[in-house]
Structure formats: C-alpha cells, structure tokens
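Just below is one structure, and these are the notes that go with it.
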Amino acid sequence: MSAIAVIDIGKTNAKLALVDPDSLDEIAVLTRPNTVCPGPPWPHFDTEGHWRFLLDGLRDLNAQHPVCAISITTHGACAALLDARGELAAPILDYEYTGPDTCRSAYDKLRPPFTQTGSPRLGAGLNLGAQLFWQFQTRPELAARVRHVVTYPQYWGYLLTGNMACDVTSLGCHTDLWNIASGAPSDLVARLGLGDKLAPIRAPSDTLGVLRPDIAARTGLAPTTPVCCGIHDSNASLMPHLMTQSAPFGVVSTGTWVVAMAVGAAPVELDPHRDILVNVNAFGAAVPSARFMGGREYDLALGGAGGTVTPLAMEQALSGGPMLLPAVVSGSGPFAHERSRWIGTQEPALGSDLRAVAVSFYLALVTSECLRLVGQRGSLIVEGPFAGNMAYLAMLKAVTNADVLHAEGQTGTSQGAAMLCGPAPKTRTGSVAISPEIAARCKAYSQRWRAALGALSG
C-alpha cells in the first residue's frame with residue numbers, strides 16, 4: 001500500500017507521518033523534539049537535525065509503505081534566508097526570542113497598518129517582518145548576502161526538490177508581509193529591500209517539483225515522487241473542513257497554539273490588541289482568527305504531573321471548585337496582559353484529576369473568548385489534542401451554544417496537508433452531547449469565572 005508522507009514541523013515537535021491516501025488515516029508517525037539551539041548568532045531551530053531525521057525517516061518508512069507523494073506543513077512566523085549558493089545565510093531564528101523587541105519603535109514606523117495586512121503587532125519575532133528587520137539591523141552584512149527568502153514549509157520543499165517558493169498561507173499569517181485586500185505582498189517587502197528576493201508565490205497545492213536525484217538515492221523513494229508546495233499548519237487543519245462544511249462554521253485547531261478560525265463569520269470589528277488576526281486560507285481567502293498558546297499553557301499549568309479528566313473531577317469542579325484565570329503564558333492571546341492565578345478553593349494538587357479538569361475548563365473559556373472576538377457562528381469543529389478532552393469540549397459547547405464536533409484522528413494538520421496531494425476529504429467527526437443540567441452548571445461556572453476576571457482586571 002502506498003502512502004503520502006507528511007512533513008510536519010510544529011513548534012514543539014517535528015513529525016513525519018505516513019497518511020493513507022484513501023482513508024486519510026495516519027499509518028505511522030515519527031517525532032523528535034523541536035529543541036531550540038542557543039546560538040550564536042541567536043536562538044535558532046535545529047534544521048540540520050531535522051533534516052537528518054526526515055531523511056532517515058523517509059528511508060525507513062518508505063521501506064514499510066512506498067511513498068507516492070510528499071506534503072509539508074510547518075508553524076508560521078518563520079522563513080529561511082538563502083545566499084547566492086542556495087544555502088542558509090543565517091540560522092533560522094526562533095520566533096520566541098525577544099531580540100526583535102529591541103528594535104520595536106523603529107520597526108513600528110515601517111510596518112503597514114492592520115487594515116492592510118490583518119496582522120496585529122506581536123511581541124518577540126511573532127511578526128516575521130519584525131524578525132527580518134531586526135536581523136538586518138543587527139547584522140547589516142546579512143541583508144547584502146541574502147539572495148532569496150522562502151517561507152518555512154517551502155524551505156523543506158527546496159531541500160527536497162531544489163525549487164524555491166513561498167505560499168500564500170505562510171505569508172498571510174501575522175507576518176506583516178501580505179496585503180489581504182490585494183492578495184499580494186505588502187508595502188513592507190519593498191521597504192525591507194526584499195522586493196526581488198521573495199521567492200515566487202505559489203498555492204499550497206501546487207507541485208513544487210520532484211525529488212532531487214541525490215535525495216531519491218538517499219531515501220529509496222522514486223525519483224519521480226512529487227512534492228507539494230506546502231502550507232501553514234493552522235491552515236492545514238482548516239483544509240479538510242473547507243472541503244466538507246458549508247459556511248458559516250468555526251474550527252479550533254489545538255496544539256502548542258490554539259487557533260480559532262471563523263469561516264463565514266458574523267461582521268465584527270477585529271481588535272488587533274487582543275491577538276486577533278486575519279489568516280489567509282489555502283484558496284487565498286481571508287479568515288478572521290484568534291489564538292493563544294493553549295497547548296503550552298496546558299503543559300505549564302499541569303507541571304508535567306498529568307491528571308485525568310473524570311466525571312467525578314468534573315462534578316467537583318462545577319460544585320464551586322477552583323478556577324484558573326489567564327494568562328498562564330503572558331504576551332499572547334485575548335488576555336495577554338492579565339496575570340494568571342488560582343481562585344476559589346485551594347489550588348488543586350499537581351497530578352490531581354481536579355487540576356486537570358480546572359485547567360481544561362480554563363482553556364475552553366479562553367477559546368470561547370477567541371471565538372466571540374472573531375464573530376464565529378454555526379457549527380464548531382475541534383481538532384488536535386483537545387478534541388479528546390471531554391471537560392474542554394463540554395465547557396466549550398455550553399458556553400458557545402454551538403453544535404460542537406470533535407475531529408477524530410491524531411492530528412488535523414497531517415490530514416489537511418495530505419489533501420494537498422489530491423485525496424478527497426473524508427473527515428470523521430463526533431458530536432459532543434451534554435445534559436441540560438451539565439450545560440447550565442458549565443454556564444454558571446463561566447459566569448463566575450468572567451466575574452472574577454472582571455473584578456481582578458478592574
């Protein structure tokens with residue numbers, strides 16, 4: 001049986017998945033941590049380690065199931081700067097590094113307005129334009145050395161095929177580099193001196209090329225194996241639903257980042273100061289979106305001690321139990337400037353089921369705020385790790401009053417990225433059902449949570 005290989009470079013882990021082109025099920029998954037190297041010249045991603053991992057993984061997985069095509073998805077806020085030889089002109093900066101903040105004032109005078117880009121002003125390197133500006137200011141010789149800029153999915157595609165590109169979803173995710181109205185690069189590209197250096201802009205589903213002969217020999221894949229251009233990971237999660245759902249609907253993609261996307265949203269004024277942005281989907285259309293680092297917050301709040309969501313723990317939490325207020329990770333999300341704290345009864349013990357439920361409720365309530373801010377309406381699909389968390393789903397359903405569906409499968413990103421290679425969407429979802437009593441108690445919990453947040457903010 002042949003399979004589509006999906007390269008998925010997330011912020012926390014790098015993955016290589018084999019996806020069945022008929023069922024879109026994952027046949028096999030390999031992972032490695034996306035550990036950040038400390039520098040010099042700055043904290044950067046271990047691209048060399050990822051490349052060895054991917055080549056070895058393609059070789060090993062192809063021996064089990066012949067690979068018929070390769071697709072790529074990665075996190076955003078990332079690009080590769082290539083020199084005249086096509087090699088990295090500098091290591092790829094970790095977007096969480098705060099170096100770009102030292103040039104914040106100067107950069108703010110250069111960047112286009114939110115109305116042009118749909119890109120809010122974010123901290124550290126979360127605006128790709130801010131990264132590039134800071135890198136060129138810090139190392140002026142770098143700007144002269146750079147001949148090509150490729151967005152991150154296409155960097156891996158370039159290594160595989162030798163062909164350079166950027167894709168619309170990666171340029172359209174809070175980079176400051178994309179004009180959402182004109183569907184072309186923003187004014188900032190020319191201001192950074194990159195007008196003739198940005199690689200050709202392609203659709204994610206375009207075939208970037210076939211494998212370089214040396215890569216085919218190294219991995220054992222056929223030299224004619226096609227490689228898709230690639231896609232930003234949140235948009236990979238959205239892709240299956242764009243093909244199977246009728247607007248309006250919303251998608252909540254969960255992972256290191258929780259991204260709430262509203263397709264056919266109600267008309268609302270988007271507030272860039274609350275981490276609201278406009279993503280560009282695989283078909284080039286604008287999608288109002290909001291996000292926060294929910295997966296990171298989940299890990300931090302549980303302290304690595306675990307805990308299980310159980311009906312008993314949910315009952316305890318809804319009966320006047322403890323509440324967690326935002327923001328566990330400051331600087332992003334709709335409550336970026338709030339200070340996290342536990343309120344109510346005593347803070348639940350690390351490793352306890354009650355703590356796991358309280359954290360899940362917290363994440364659902366922040367998610368619901370994200371959805372409200374982008375005007376989400378219609379059914380709501382949750383994909384990724386939180387799709388299996390009953391406390392999260394129950395609270396989200398109660399608070400949004402939406403028909404909440406949980407996507408089945410390990411990750412929506414692999415399925416969406418595989419669809420770029422042609423398979424028809426075959427998403428499987430289950431509807432979340434909760435009793436009227438639980439819904440009422442969840443709503444009461446959310447009201448107490450909002451009242452406490454309002455009181456502390458005031």
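Ligands are numbered from 1 in the order shown, residues from 1 within each chain, and chains are lettered A, B, ... in the order they appear in the structure tokens.
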- Hey, what does DSSP flag as strand (DSSP E) within segment 287-329 of chain A? Can you give it to me as number ranges by chain? A: 287-292, 323-325
Residues of the last selection are to be written out with N, CA and C atoms, as a PDB file, in the first residue's frame.
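Saved to out28.pdb:
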ATOM      1  N   VAL A 287      -9.582  34.712   6.554  1.00  0.00           N
ATOM      2  CA  VAL A 287     -10.305  34.015   7.617  1.00  0.00           C
ATOM      3  C   VAL A 287      -9.992  34.700   8.950  1.00  0.00           C
ATOM      4  N   PRO A 288     -10.955  35.419   9.549  1.00  0.00           N
ATOM      5  CA  PRO A 288     -10.714  36.011  10.869  1.00  0.00           C
ATOM      6  C   PRO A 288     -10.341  34.926  11.879  1.00  0.00           C
ATOM      7  N   SER A 289      -9.292  35.183  12.636  1.00  0.00           N
ATOM      8  CA  SER A 289      -8.755  34.160  13.540  1.00  0.00           C
ATOM      9  C   SER A 289      -8.277  34.799  14.839  1.00  0.00           C
ATOM     10  N   ALA A 290      -8.279  33.993  15.881  1.00  0.00           N
ATOM     11  CA  ALA A 290      -7.723  34.414  17.165  1.00  0.00           C
ATOM     12  C   ALA A 290      -6.978  33.230  17.742  1.00  0.00           C
ATOM     13  N   ARG A 291      -5.982  33.516  18.577  1.00  0.00           N
ATOM     14  CA  ARG A 291      -5.192  32.385  19.078  1.00  0.00           C
ATOM     15  C   ARG A 291      -4.569  32.708  20.424  1.00  0.00           C
ATOM     16  N   PHE A 292      -4.153  31.650  21.109  1.00  0.00           N
ATOM     17  CA  PHE A 292      -3.363  31.748  22.327  1.00  0.00           C
ATOM     18  C   PHE A 292      -2.563  30.459  22.447  1.00  0.00           C
ATOM     19  N   MET A 323     -10.745  27.723  40.211  1.00  0.00           N
ATOM     20  CA  MET A 323     -10.712  28.270  38.852  1.00  0.00           C
ATOM     21  C   MET A 323      -9.331  28.833  38.570  1.00  0.00           C
ATOM     22  N   LEU A 324      -8.888  28.656  37.341  1.00  0.00           N
ATOM     23  CA  LEU A 324      -7.627  29.228  36.888  1.00  0.00           C
ATOM     24  C   LEU A 324      -7.947  30.420  35.992  1.00  0.00           C
ATOM     25  N   LEU A 325      -7.333  31.559  36.280  1.00  0.00           N
ATOM     26  CA  LEU A 325      -7.541  32.761  35.481  1.00  0.00           C
ATOM     27  C   LEU A 325      -6.337  32.993  34.566  1.00  0.00           C
TER      28      LEU A 325
END
- Item | Neighbour list for segment 343-346 of chain A as a PyMOL selection string, cut-off 12 Å, only C-alpha atoms, skip fewer than 3 positions in-chain | chain A and resi 316-326+340+349-350+354-355+358+362+445+448-449+451-453+455-456
- Message: Show me, as a list in words, the residues that have an atom within 10 Å of Arg218 of chain A when counting only C-alpha atoms, minus same-chain residues fewer than 5 positions from it.
- Response: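 Once the adjacent positions are removed, what remains is Leu55, Asp56, Leu58, Arg59, Arg212 and Pro213 of chain A.
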Prev. selection, N, CA and C atoms, output as a PDB file, in the first residue's frame:
ATOM      1  N   LEU A  55      15.249  12.633   6.507  1.00  0.00           N
ATOM      2  CA  LEU A  55      15.813  11.725   5.503  1.00  0.00           C
ATOM      3  C   LEU A  55      15.833  10.286   6.007  1.00  0.00           C
ATOM      4  N   ASP A  56      16.256  10.096   7.255  1.00  0.00           N
ATOM      5  CA  ASP A  56      16.250   8.745   7.821  1.00  0.00           C
ATOM      6  C   ASP A  56      14.827   8.209   7.922  1.00  0.00           C
ATOM      7  N   LEU A  58      12.154   9.079   6.104  1.00  0.00           N
ATOM      8  CA  LEU A  58      11.634   8.750   4.778  1.00  0.00           C
ATOM      9  C   LEU A  58      12.182   7.415   4.296  1.00  0.00           C
ATOM     10  N   ARG A  59      13.460   7.192   4.548  1.00  0.00           N
ATOM     11  CA  ARG A  59      14.070   5.915   4.156  1.00  0.00           C
ATOM     12  C   ARG A  59      13.394   4.747   4.870  1.00  0.00           C
ATOM     13  N   ARG A 212      15.103  15.626  -5.793  1.00  0.00           N
ATOM     14  CA  ARG A 212      16.448  15.684  -6.355  1.00  0.00           C
ATOM     15  C   ARG A 212      16.999  14.259  -6.446  1.00  0.00           C
ATOM     16  N   PRO A 213      17.800  13.962  -7.439  1.00  0.00           N
ATOM     17  CA  PRO A 213      18.323  12.594  -7.579  1.00  0.00           C
ATOM     18  C   PRO A 213      19.057  12.096  -6.341  1.00  0.00           C
TER      19      PRO A 213
END
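The space separating atom CA of Gln154 of chain A from atom CA of Ala424 of chain A comes to 23.3 Å.
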- Task: Please provide the set of residues having any atom within 12 Å of Pro38 of chain A, restricted to only C-alpha atoms, with same-chain residues fewer than 6 positions apart removed, written as a ChimeraX atom specification.
- Result: /A:44-46,91-94,97
- For Thr413 of chain A, which residue among A:Val36, A:Leu54, A:Leu270, A:Ala236 is the nearest when counting only C-alpha atoms?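 Nearest to Thr413 of chain A: A:Ala236.
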- Point-to-point distance in Å for atom CA of Val280 of chain A and atom CA of Asn127 of chain A: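 Calculated distance between atom CA of Asn127 of chain A and atom CA of Val280 of chain A is 15.0 Å.
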- Determine, counting only C-alpha atoms, which protein, DNA and RNA residues have an atom within 7 Å of an atom of segment 130-142 of chain A; residues of the same chain fewer than 6 positions away are not included. Present the result as a ChimeraX atom specification. /A:100,103,107,192
Export of the given selection (C-alpha atoms) as a short mmCIF file (atom, residue, chain, number, x, y, z; two decimals), in the first residue's frame:
data_model
loop_
_atom_site.label_atom_id
_atom_site.label_comp_id
_atom_site.auth_asym_id
_atom_site.auth_seq_id
_atom_site.Cartn_x
_atom_site.Cartn_y
_atom_site.Cartn_z
CA PRO A 100 13.38 41.86 17.76
CA CYS A 103 14.04 47.48 17.56
CA TYR A 107 10.06 48.76 13.18
CA LEU A 192 12.92 45.73 3.73
#
- Compile the contact shell of Ser360 of chain A as a ChimeraX atom specification: residues with an atom at most 10 Å away, counting only C-alpha atoms, same-chain residues fewer than 5 positions apart removed. /A:294,298,301,309,314,324,354-355,365,386,389-396
- Residues near Val374 of chain A, cut-off 9 Å, only C-alpha atoms, skip fewer than 5 positions along chain, as a VMD selection string: chain A and resid 260 to 262 265 to 271 276 to 277 288 to 290 369
- Item | Which of segment 46-230 of chain A DSSP labels helix (DSSP H, G or I), written as number ranges by chain | A: 47-64, 99-108, 114-117, 128-138, 140-145, 152-161, 168-171, 187-191, 213-219
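In this comparison, which uses only C-alpha atoms, the residue of A:Thr308, A:Thr35, A:Asn235, A:Ser253 approaching Ala387 of chain A most closely is A:Ser253.
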